[in-house]
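First up is the structure itself, then whatever we jot down about it.
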Amino acid sequence: MKFVNLFKIAMKALLRNKMRAFLTMLGIIIGVAAVITMVAIGQGSKKSIQDQLSSMGSNMITIRPQSNQTVGGGARLDASSVQSLKLEDVTAIGKQAQHISALSPAVTSRGQVIYAGNNWPTTIQGVYPDFLTIRDWPLKDGILFSDENENNAAKVCLLGQTVVENLFTSGEDPVGKIIRFNKIPFKVIGVLAEKGENAFGQDQDDIVVAPFSTVQKRILAITWVQNIYASATNESATDDAVDEISTILRTQHKLKRGDQDDFMVRTQAELINTFSSTSQLLTVLLTAIAGISLVVGGIGIMNIMYVSVTERTKEIGLRMSIGARGIDILLQFLVEAILISVTGGIIGVLLGILAAQLITTFLSWPTLVSQSSIVLSFLVCAITGVFFGYYPAQKASRLDPIEALRYE
Amino acid sequence: MPKLILEVTDLKREFRMGAEIVRALKGVHFTVEAGEFVTIMGSSGSGKTTLLNILGCLDKPTSGVYNLDGVNVSNLSRNELAQLRNRKIGFVFQSYNLLARTSALENVELPLYYNSEVSAKQRYDRSIKALEAVNLGDRLHHLPNQLSGGQQQRVAIARALVNDPVMILADEATGNLDSRTSYEIMALMQDLNQQGKTILFVTHEPDIASFSSRTIMLKDGKVIRDSKNENIRSAKEVLASLPVSEDY
């Protein structure tokens, strides 16, 4: 029989029992809507964590000093008081590393900033201009400091939004003003764009950024480097970049084979992976629960199809007597089951998208309806229809026409 | 010499009921020519239904040969039998067997759905023609529960005709109807026979058999009488002689 005819016959049979068809569909609708919504919540939270982490600069590599003194060498030192990283290391990395596109040393100090009658406790970070490229952090206003500023340790700075809000009255343009950090005057040459909180809830905008040499020499008066930030050429080159940096630093620090590193290289990808695997687990769990409800929906279809076959035994007998082959009967019931599941699937997908939207609107949870989850749950639906519809349909197709005709 | 539609030779059918073997047909012979109107009679247990099932290609004989329109049915597969039922046989049942909540037209169209050579347009046209042939041209979109018993049976006959079969196989087709409606159905059958349709009519009422041209009597799985009917009654005349019913 032609497919169009099969479809017509199945459609008619379903319309004869609208309520029953709908209730059977409901199982699938709820199942699919649950899958779509749950995956949307899982994906949404995963994406928001990833976005936050990569807002720090997705290819960012952080190099920190680390004590390599083992037991017997007395008290082990805190990372911040280890002085193993030098500016020469930065120069060496910059010259030798192939997989790095931006590089900056960093030193930080806490202190009080003062402007006019206002003051505010904040952090000053001394870096190269490249730092903002690494952090993927654009300027909102003003200009970046130059290499010349770096060379002569110029007293210029860029302000984060939080500092601007606490130091200046609204509407006042901070660019060109002189602020004081720990009594040292700085000229504000630019304002950083708003960055928001990082993944750990810290306010990233509460910062003053100044040339590296200025902070290192004028504020901290130290010779070493606290951190080094670098940016890999692209995300896939991150691992190579890490290996490269380690090799260069070990050579620089004249570490022998077997000596422990006196530094630590961390990538953003590691952080992302840690968080992703957590939300991945969440997604898997939610999907599993939703998947179960889809299976329950499928069993509902199977149940109704069995009832339908029994109820329509006489019809099956008649169809056979007027020339329907076993395969015609099988396809008829199979198409009916698939029609229920696929229609249910479509409604379920729409409902799931709507539910995800409502959750975002009213609970402000981040959700992300991925195309793959739509395609997947739709496929699962069709397969559910075939799988759970097949046995009842096969039962129907194997009926003996004589007995089926006489069935009351 | 008219064409042979049916050729049944030494037909046997046995059923296994537990340890016992029930022999429903014990060697049946007969032939039917094109254009005949044959009634098969017999009391219950005579093997009538078994014979009908075999003639209708719903069942296969245990032994013996059954040729339908030149095709030896005994060797066919389930699917080939289905095809044969679709193309060569028109069934009419005692209980009409119309699909509920499905219009007369759609019921008649049903056999053509299983014939992939027929287009949707042909299906529609032929079904309307078949319904007009049974005088139901004005009831195309009525549902079975909106039709009387006689009308429902006429829809069933239209369904049997729509595939243009070589023979119509009726199983107690008047069994559920009152005598007036029965005569109407028989008049219709006689008309169809006049137009050249071969009809096999299974019944246990001698009254009905008198409208056919030949009667085959079965008893205990064997043909005990096979006689031409010399004095064929006309169902139309019988109908005309009946007093006019008030509720008709």
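Identifiers for the structure tokens are assigned positionally: chains receive A, B, ... in sequence, residues are indexed from 1 per chain, and ligands are indexed from 1 in the order shown.
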Within 12 Å of chain B: residues of chain A, using only C-alpha atoms, as a compact mmCIF listing (two decimals) with C-alpha atoms, in the first residue's frame:
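File written: selection.txt
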# COMPACT_ATOMS: atom_id res chain seq x y z
CA MET A 1 0.00 0.00 0.00
CA LYS A 2 1.12 3.51 -0.71
CA PHE A 3 2.41 5.53 2.21
CA VAL A 4 -0.10 8.32 1.68
CA ASN A 5 -2.92 5.80 2.06
CA LEU A 6 -1.34 4.28 5.17
CA PHE A 7 -1.08 7.73 6.64
CA LYS A 8 -4.71 8.52 5.80
CA ILE A 9 -5.98 5.29 7.33
CA LYS A 12 -8.73 8.28 10.47
CA ALA A 13 -8.30 5.58 13.09
CA LEU A 14 -6.77 8.07 15.53
CA LEU A 15 -9.44 10.69 14.90
CA ARG A 16 -12.09 8.09 15.70
CA ASN A 17 -10.68 8.01 19.25
CA ARG A 312 -10.28 -3.90 16.22
CA THR A 313 -9.74 -7.61 15.64
CA LYS A 314 -12.84 -7.76 13.51
CA GLU A 315 -11.70 -4.80 11.45
CA ILE A 316 -8.35 -6.51 10.93
CA GLY A 317 -10.18 -9.67 9.79
CA LEU A 318 -12.25 -7.66 7.36
CA ARG A 319 -9.23 -5.85 5.97
CA MET A 320 -7.50 -9.17 5.46
CA SER A 321 -10.52 -10.68 3.76
CA ILE A 322 -10.64 -7.83 1.25
CA GLY A 323 -6.99 -8.22 0.42
CA ALA A 324 -4.79 -6.64 3.09
CA ARG A 325 -1.53 -8.51 3.46
CA GLY A 326 0.13 -9.04 6.83
CA ILE A 327 2.59 -6.26 6.07
CA ASP A 328 -0.27 -3.84 5.28
CA ILE A 329 -1.82 -4.47 8.69
CA GLN A 332 -1.09 0.44 9.50
CA SER A 397 -0.55 -8.78 11.30
CA ARG A 398 -0.32 -12.41 12.39
CA LEU A 399 -4.00 -12.81 13.17
CA ASP A 400 -5.81 -15.56 11.33
CA PRO A 401 -8.36 -13.81 9.09
CA ILE A 402 -11.03 -16.46 9.71
CA GLU A 403 -10.82 -16.18 13.48
CA ALA A 404 -10.47 -12.43 13.37
CA LEU A 405 -13.63 -12.12 11.28
CA ARG A 406 -15.57 -14.23 13.73
CA TYR A 407 -14.20 -12.38 16.79
CA GLU A 408 -16.87 -10.70 18.86
Please identify all polymer residues within 12 Å of Asp138 in chain B, counting only C-alpha atoms, omitting same-chain residues fewer than 3 positions from it, and present them as a ChimeraX atom specification. /B:104-105,128-129,131-135,141-142,147,151,155
Produce a file of the selected residues containing N, CA and C atoms, as a PDB file, in the first residue's frame.
ATOM      1  N   ALA B 104     -20.133   5.490   4.106  1.00  0.00           N
ATOM      2  CA  ALA B 104     -20.416   4.439   3.140  1.00  0.00           C
ATOM      3  C   ALA B 104     -19.371   4.459   2.035  1.00  0.00           C
ATOM      4  N   LEU B 105     -19.069   5.656   1.556  1.00  0.00           N
ATOM      5  CA  LEU B 105     -18.110   5.789   0.462  1.00  0.00           C
ATOM      6  C   LEU B 105     -16.741   5.259   0.870  1.00  0.00           C
ATOM      7  N   ILE B 128     -18.034   5.348  -6.158  1.00  0.00           N
ATOM      8  CA  ILE B 128     -19.329   5.998  -6.379  1.00  0.00           C
ATOM      9  C   ILE B 128     -20.168   5.169  -7.342  1.00  0.00           C
ATOM     10  N   LYS B 129     -19.498   4.649  -8.382  1.00  0.00           N
ATOM     11  CA  LYS B 129     -20.220   3.826  -9.355  1.00  0.00           C
ATOM     12  C   LYS B 129     -20.808   2.579  -8.689  1.00  0.00           C
ATOM     13  N   LEU B 131     -21.582   2.177  -5.527  1.00  0.00           N
ATOM     14  CA  LEU B 131     -22.701   2.547  -4.655  1.00  0.00           C
ATOM     15  C   LEU B 131     -23.950   2.874  -5.469  1.00  0.00           C
ATOM     16  N   GLU B 132     -23.750   3.475  -6.646  1.00  0.00           N
ATOM     17  CA  GLU B 132     -24.908   3.746  -7.506  1.00  0.00           C
ATOM     18  C   GLU B 132     -25.513   2.445  -8.009  1.00  0.00           C
ATOM     19  N   ALA B 133     -24.643   1.444  -8.257  1.00  0.00           N
ATOM     20  CA  ALA B 133     -25.130   0.140  -8.734  1.00  0.00           C
ATOM     21  C   ALA B 133     -26.024  -0.536  -7.698  1.00  0.00           C
ATOM     22  N   VAL B 134     -25.827  -0.250  -6.419  1.00  0.00           N
ATOM     23  CA  VAL B 134     -26.700  -0.839  -5.391  1.00  0.00           C
ATOM     24  C   VAL B 134     -27.734   0.181  -4.905  1.00  0.00           C
ATOM     25  N   ASN B 135     -27.996   1.191  -5.733  1.00  0.00           N
ATOM     26  CA  ASN B 135     -29.019   2.210  -5.455  1.00  0.00           C
ATOM     27  C   ASN B 135     -28.769   2.996  -4.173  1.00  0.00           C
ATOM     28  N   HIS B 141     -22.293   9.679   2.005  1.00  0.00           N
ATOM     29  CA  HIS B 141     -21.555  10.130   3.189  1.00  0.00           C
ATOM     30  C   HIS B 141     -22.253   9.776   4.494  1.00  0.00           C
ATOM     31  N   HIS B 142     -23.203   8.834   4.399  1.00  0.00           N
ATOM     32  CA  HIS B 142     -23.855   8.385   5.624  1.00  0.00           C
ATOM     33  C   HIS B 142     -22.955   7.405   6.353  1.00  0.00           C
ATOM     34  N   LEU B 147     -27.692   4.093   8.634  1.00  0.00           N
ATOM     35  CA  LEU B 147     -28.296   3.306   7.552  1.00  0.00           C
ATOM     36  C   LEU B 147     -29.055   2.127   8.141  1.00  0.00           C
ATOM     37  N   GLN B 151     -29.697  -1.399   3.922  1.00  0.00           N
ATOM     38  CA  GLN B 151     -28.787  -0.439   3.280  1.00  0.00           C
ATOM     39  C   GLN B 151     -27.334  -0.757   3.602  1.00  0.00           C
ATOM     40  N   VAL B 155     -24.291  -1.543   1.078  1.00  0.00           N
ATOM     41  CA  VAL B 155     -22.953  -0.928   1.087  1.00  0.00           C
ATOM     42  C   VAL B 155     -21.905  -2.042   1.008  1.00  0.00           C
TER      43      VAL B 155
END
With a distance cut-off of 7 Å and only C-alpha atoms, select the neighbouring residues of Asp69 in chain B, excluding the residue or stretch itself and same-chain residues fewer than 6 positions from it, and output the selection as a ChimeraX atom specification. /B:4-6
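Counting only C-alpha atoms, Val225 in chain A has the following residues at most 10 Å away, ignoring those fewer than 3 positions along the same chain: A:Arg64, A:Pro65, A:Ser80, A:Val82, A:Gln83, A:Ser84, A:Leu85, A:Lys86, A:Leu87, A:Glu88, A:Asp89, A:Val90, A:Pro105, A:Ala106, A:Val107, A:Thr108, A:Gly126, A:Phe212, A:Gln216, A:Ile222, A:Ile228.
The interatomic distance for the pair CA of Ala230 in chain A and CA of Gly44 in chain A works out to 28.9 Å.
The list of residues with at least one atom within 7 Å of Ser103 in chain B, based on only C-alpha atoms and without residues fewer than 3 positions apart in the same chain, reads B:Glu106, B:Asn107, B:Leu140, B:His141, B:His142, B:Leu143, B:Pro144.
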Enumerate, as a list of chain:residue names, the complete set of residues in range 247-349 of chain A that a backbone-based DSSP assignment places in strand (DSSP E or B). A:Phe263, A:Met264, A:Val265, A:Arg266, A:Thr267
Go ahead and write the selection's residues with C-alpha atoms as a compact mmCIF listing (two decimals), in the first residue's frame.
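Listing of part.txt after writing:
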# COMPACT_ATOMS: atom_id res chain seq x y z
CA PHE A 263 56.56 27.55 39.52
CA MET A 264 53.10 26.43 38.58
CA VAL A 265 51.40 26.77 35.19
CA ARG A 266 47.60 26.77 35.19
CA THR A 267 45.21 27.12 32.31
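With distances restricted to only C-alpha atoms, B:Tyr183 is the closest residue to Ser241 in chain B from B:Tyr66, B:Phe37, B:Phe211, B:Tyr183.
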Excluding same-chain residues fewer than 3 positions from range 385-396 of chain A, what lies within 9 Å of it counting only C-alpha atoms, as a ChimeraX atom specification? /A:298-303,305-310,313,316,326-327,329-342,380-382,399
Compile the contact shell of Thr343 in chain A as a PDB file with N, CA and C atoms, in the first residue's frame: residues with an atom at most 9 Å away, counting only C-alpha atoms, same-chain residues fewer than 5 positions apart removed.
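The resulting selection.pdb:
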ATOM      1  N   MET A  25      -0.774  10.277  23.816  1.00  0.00           N
ATOM      2  CA  MET A  25       0.227  11.245  23.404  1.00  0.00           C
ATOM      3  C   MET A  25       0.805  11.984  24.599  1.00  0.00           C
ATOM      4  N   ILE A  28       4.028  10.898  26.002  1.00  0.00           N
ATOM      5  CA  ILE A  28       5.189  11.290  25.195  1.00  0.00           C
ATOM      6  C   ILE A  28       5.437  12.789  25.331  1.00  0.00           C
ATOM      7  N   ILE A  29       4.349  13.557  25.323  1.00  0.00           N
ATOM      8  CA  ILE A  29       4.486  15.018  25.426  1.00  0.00           C
ATOM      9  C   ILE A  29       5.251  15.380  26.687  1.00  0.00           C
ATOM     10  N   ILE A 338       3.565   5.493  15.404  1.00  0.00           N
ATOM     11  CA  ILE A 338       4.563   6.522  15.125  1.00  0.00           C
ATOM     12  C   ILE A 338       3.901   7.893  15.073  1.00  0.00           C
ATOM     13  N   GLY A 348       5.615  18.143  22.473  1.00  0.00           N
ATOM     14  CA  GLY A 348       6.525  18.117  23.619  1.00  0.00           C
ATOM     15  C   GLY A 348       7.686  19.074  23.450  1.00  0.00           C
TER      16      GLY A 348
END
Rank B:Val244, B:Ala235, B:Val162, B:Ile224 by their smallest atom-to-atom distance to Leu188 in chain B, using only C-alpha atoms, and report the top residue only. B:Ala235
Which of range 242-389 of chain A DSSP labels alpha helix (DSSP H), written as a ChimeraX atom specification: /A:242-252,268-311,313-321,326-358,371-389
Keeping only C-alpha atoms, write those residues as an mmCIF file, in the first residue's frame.
data_model
loop_
_atom_site.group_PDB
_atom_site.id
_atom_site.type_symbol
_atom_site.label_atom_id
_atom_site.label_comp_id
_atom_site.auth_asym_id
_atom_site.auth_seq_id
_atom_site.Cartn_x
_atom_site.Cartn_y
_atom_site.Cartn_z
ATOM 1 C CA VAL A 242 52.018 25.084 28.883
ATOM 2 C CA ASP A 243 54.723 22.515 28.014
ATOM 3 C CA GLU A 244 56.765 25.172 26.258
ATOM 4 C CA ILE A 245 56.591 27.576 29.194
ATOM 5 C CA SER A 246 57.551 24.845 31.652
ATOM 6 C CA THR A 247 60.594 23.920 29.587
ATOM 7 C CA ILE A 248 61.708 27.524 29.224
ATOM 8 C CA LEU A 249 61.254 28.269 32.919
ATOM 9 C CA ARG A 250 63.095 25.114 33.999
ATOM 10 C CA THR A 251 66.029 26.145 31.810
ATOM 11 C CA GLN A 252 65.879 29.712 33.127
ATOM 12 C CA GLN A 268 41.664 28.349 32.145
ATOM 13 C CA ALA A 269 40.718 25.136 30.347
ATOM 14 C CA GLU A 270 41.459 23.148 33.500
ATOM 15 C CA LEU A 271 39.067 25.296 35.444
ATOM 16 C CA ILE A 272 36.443 25.062 32.741
ATOM 17 C CA ASN A 273 36.774 21.289 32.703
ATOM 18 C CA THR A 274 36.300 21.051 36.455
ATOM 19 C CA PHE A 275 33.143 23.113 36.347
ATOM 20 C CA SER A 276 31.887 21.547 33.155
ATOM 21 C CA SER A 277 32.200 18.043 34.498
ATOM 22 C CA THR A 278 30.034 19.049 37.450
ATOM 23 C CA SER A 279 27.320 20.494 35.284
ATOM 24 C CA GLN A 280 27.801 17.616 32.838
ATOM 25 C CA LEU A 281 26.876 15.253 35.650
ATOM 26 C CA LEU A 282 23.840 17.398 36.375
ATOM 27 C CA THR A 283 22.796 17.223 32.731
ATOM 28 C CA VAL A 284 23.230 13.453 32.625
ATOM 29 C CA LEU A 285 21.159 12.984 35.767
ATOM 30 C CA LEU A 286 18.365 15.267 34.611
ATOM 31 C CA THR A 287 18.347 13.646 31.187
ATOM 32 C CA ALA A 288 18.198 10.182 32.707
ATOM 33 C CA ILE A 289 15.145 11.130 34.759
ATOM 34 C CA ALA A 290 13.517 12.712 31.726
ATOM 35 C CA GLY A 291 14.449 9.671 29.624
ATOM 36 C CA ILE A 292 12.647 7.408 32.058
ATOM 37 C CA SER A 293 9.455 9.397 31.618
ATOM 38 C CA LEU A 294 9.867 9.000 27.855
ATOM 39 C CA VAL A 295 10.075 5.237 28.267
ATOM 40 C CA VAL A 296 6.965 5.316 30.451
ATOM 41 C CA GLY A 297 5.256 7.257 27.663
ATOM 42 C CA GLY A 298 6.372 4.585 25.212
ATOM 43 C CA ILE A 299 4.892 1.846 27.371
ATOM 44 C CA GLY A 300 1.667 3.847 27.368
ATOM 45 C CA ILE A 301 1.670 3.722 23.572
ATOM 46 C CA MET A 302 2.318 -0.009 23.595
ATOM 47 C CA ASN A 303 -0.522 -0.590 26.026
ATOM 48 C CA ILE A 304 -3.004 1.418 23.972
ATOM 49 C CA MET A 305 -1.878 -0.232 20.756
ATOM 50 C CA TYR A 306 -2.497 -3.667 22.271
ATOM 51 C CA VAL A 307 -5.963 -2.588 23.377
ATOM 52 C CA SER A 308 -6.561 -1.133 19.941
ATOM 53 C CA VAL A 309 -5.510 -4.337 18.186
ATOM 54 C CA THR A 310 -7.807 -6.453 20.347
ATOM 55 C CA GLU A 311 -10.666 -4.017 19.968
ATOM 56 C CA THR A 313 -9.740 -7.609 15.637
ATOM 57 C CA LYS A 314 -12.836 -7.762 13.507
ATOM 58 C CA GLU A 315 -11.702 -4.800 11.447
ATOM 59 C CA ILE A 316 -8.347 -6.511 10.930
ATOM 60 C CA GLY A 317 -10.184 -9.672 9.794
ATOM 61 C CA LEU A 318 -12.250 -7.664 7.357
ATOM 62 C CA ARG A 319 -9.232 -5.853 5.969
ATOM 63 C CA MET A 320 -7.503 -9.173 5.456
ATOM 64 C CA SER A 321 -10.518 -10.683 3.762
ATOM 65 C CA GLY A 326 0.133 -9.037 6.834
ATOM 66 C CA ILE A 327 2.588 -6.256 6.072
ATOM 67 C CA ASP A 328 -0.273 -3.845 5.281
ATOM 68 C CA ILE A 329 -1.822 -4.465 8.692
ATOM 69 C CA LEU A 330 1.564 -4.251 10.399
ATOM 70 C CA LEU A 331 2.356 -0.934 8.740
ATOM 71 C CA GLN A 332 -1.092 0.443 9.505
ATOM 72 C CA PHE A 333 -0.681 -0.060 13.248
ATOM 73 C CA LEU A 334 2.968 0.930 13.168
ATOM 74 C CA VAL A 335 2.181 4.193 11.398
ATOM 75 C CA GLU A 336 -0.521 4.827 13.987
ATOM 76 C CA ALA A 337 1.961 4.345 16.827
ATOM 77 C CA ILE A 338 4.563 6.522 15.125
ATOM 78 C CA LEU A 339 1.961 9.179 14.427
ATOM 79 C CA ILE A 340 1.083 9.278 18.126
ATOM 80 C CA SER A 341 4.694 9.453 19.233
ATOM 81 C CA VAL A 342 5.871 11.942 16.625
ATOM 82 C CA THR A 343 2.904 14.278 17.117
ATOM 83 C CA GLY A 344 3.477 13.983 20.841
ATOM 84 C CA GLY A 345 7.140 14.702 20.205
ATOM 85 C CA ILE A 346 6.420 17.889 18.273
ATOM 86 C CA ILE A 347 4.039 19.167 20.938
ATOM 87 C CA GLY A 348 6.525 18.117 23.619
ATOM 88 C CA VAL A 349 9.388 20.000 21.973
ATOM 89 C CA LEU A 350 7.297 23.172 21.730
ATOM 90 C CA LEU A 351 6.152 22.781 25.321
ATOM 91 C CA GLY A 352 9.704 22.149 26.485
ATOM 92 C CA ILE A 353 10.994 25.280 24.772
ATOM 93 C CA LEU A 354 8.163 27.254 26.319
ATOM 94 C CA ALA A 355 8.879 25.807 29.770
ATOM 95 C CA ALA A 356 12.564 26.696 29.432
ATOM 96 C CA GLN A 357 11.602 30.249 28.485
ATOM 97 C CA LEU A 358 9.273 30.508 31.479
ATOM 98 C CA GLN A 371 19.326 21.980 18.660
ATOM 99 C CA SER A 372 20.934 18.653 19.380
ATOM 100 C CA SER A 373 18.551 18.003 22.286
ATOM 101 C CA ILE A 374 15.578 18.774 20.030
ATOM 102 C CA VAL A 375 16.803 16.509 17.257
ATOM 103 C CA LEU A 376 17.755 13.809 19.730
ATOM 104 C CA SER A 377 14.495 13.726 21.667
ATOM 105 C CA PHE A 378 12.598 13.824 18.393
ATOM 106 C CA LEU A 379 14.546 10.833 17.110
ATOM 107 C CA VAL A 380 14.070 9.014 20.400
ATOM 108 C CA CYS A 381 10.360 9.680 20.022
ATOM 109 C CA ALA A 382 10.161 8.182 16.567
ATOM 110 C CA ILE A 383 12.209 5.203 17.730
ATOM 111 C CA THR A 384 9.936 4.842 20.767
ATOM 112 C CA GLY A 385 6.960 4.740 18.410
ATOM 113 C CA VAL A 386 8.541 2.068 16.239
ATOM 114 C CA PHE A 387 9.838 0.051 19.176
ATOM 115 C CA PHE A 388 6.699 0.054 21.284
ATOM 116 C CA GLY A 389 4.356 -0.014 18.313
#
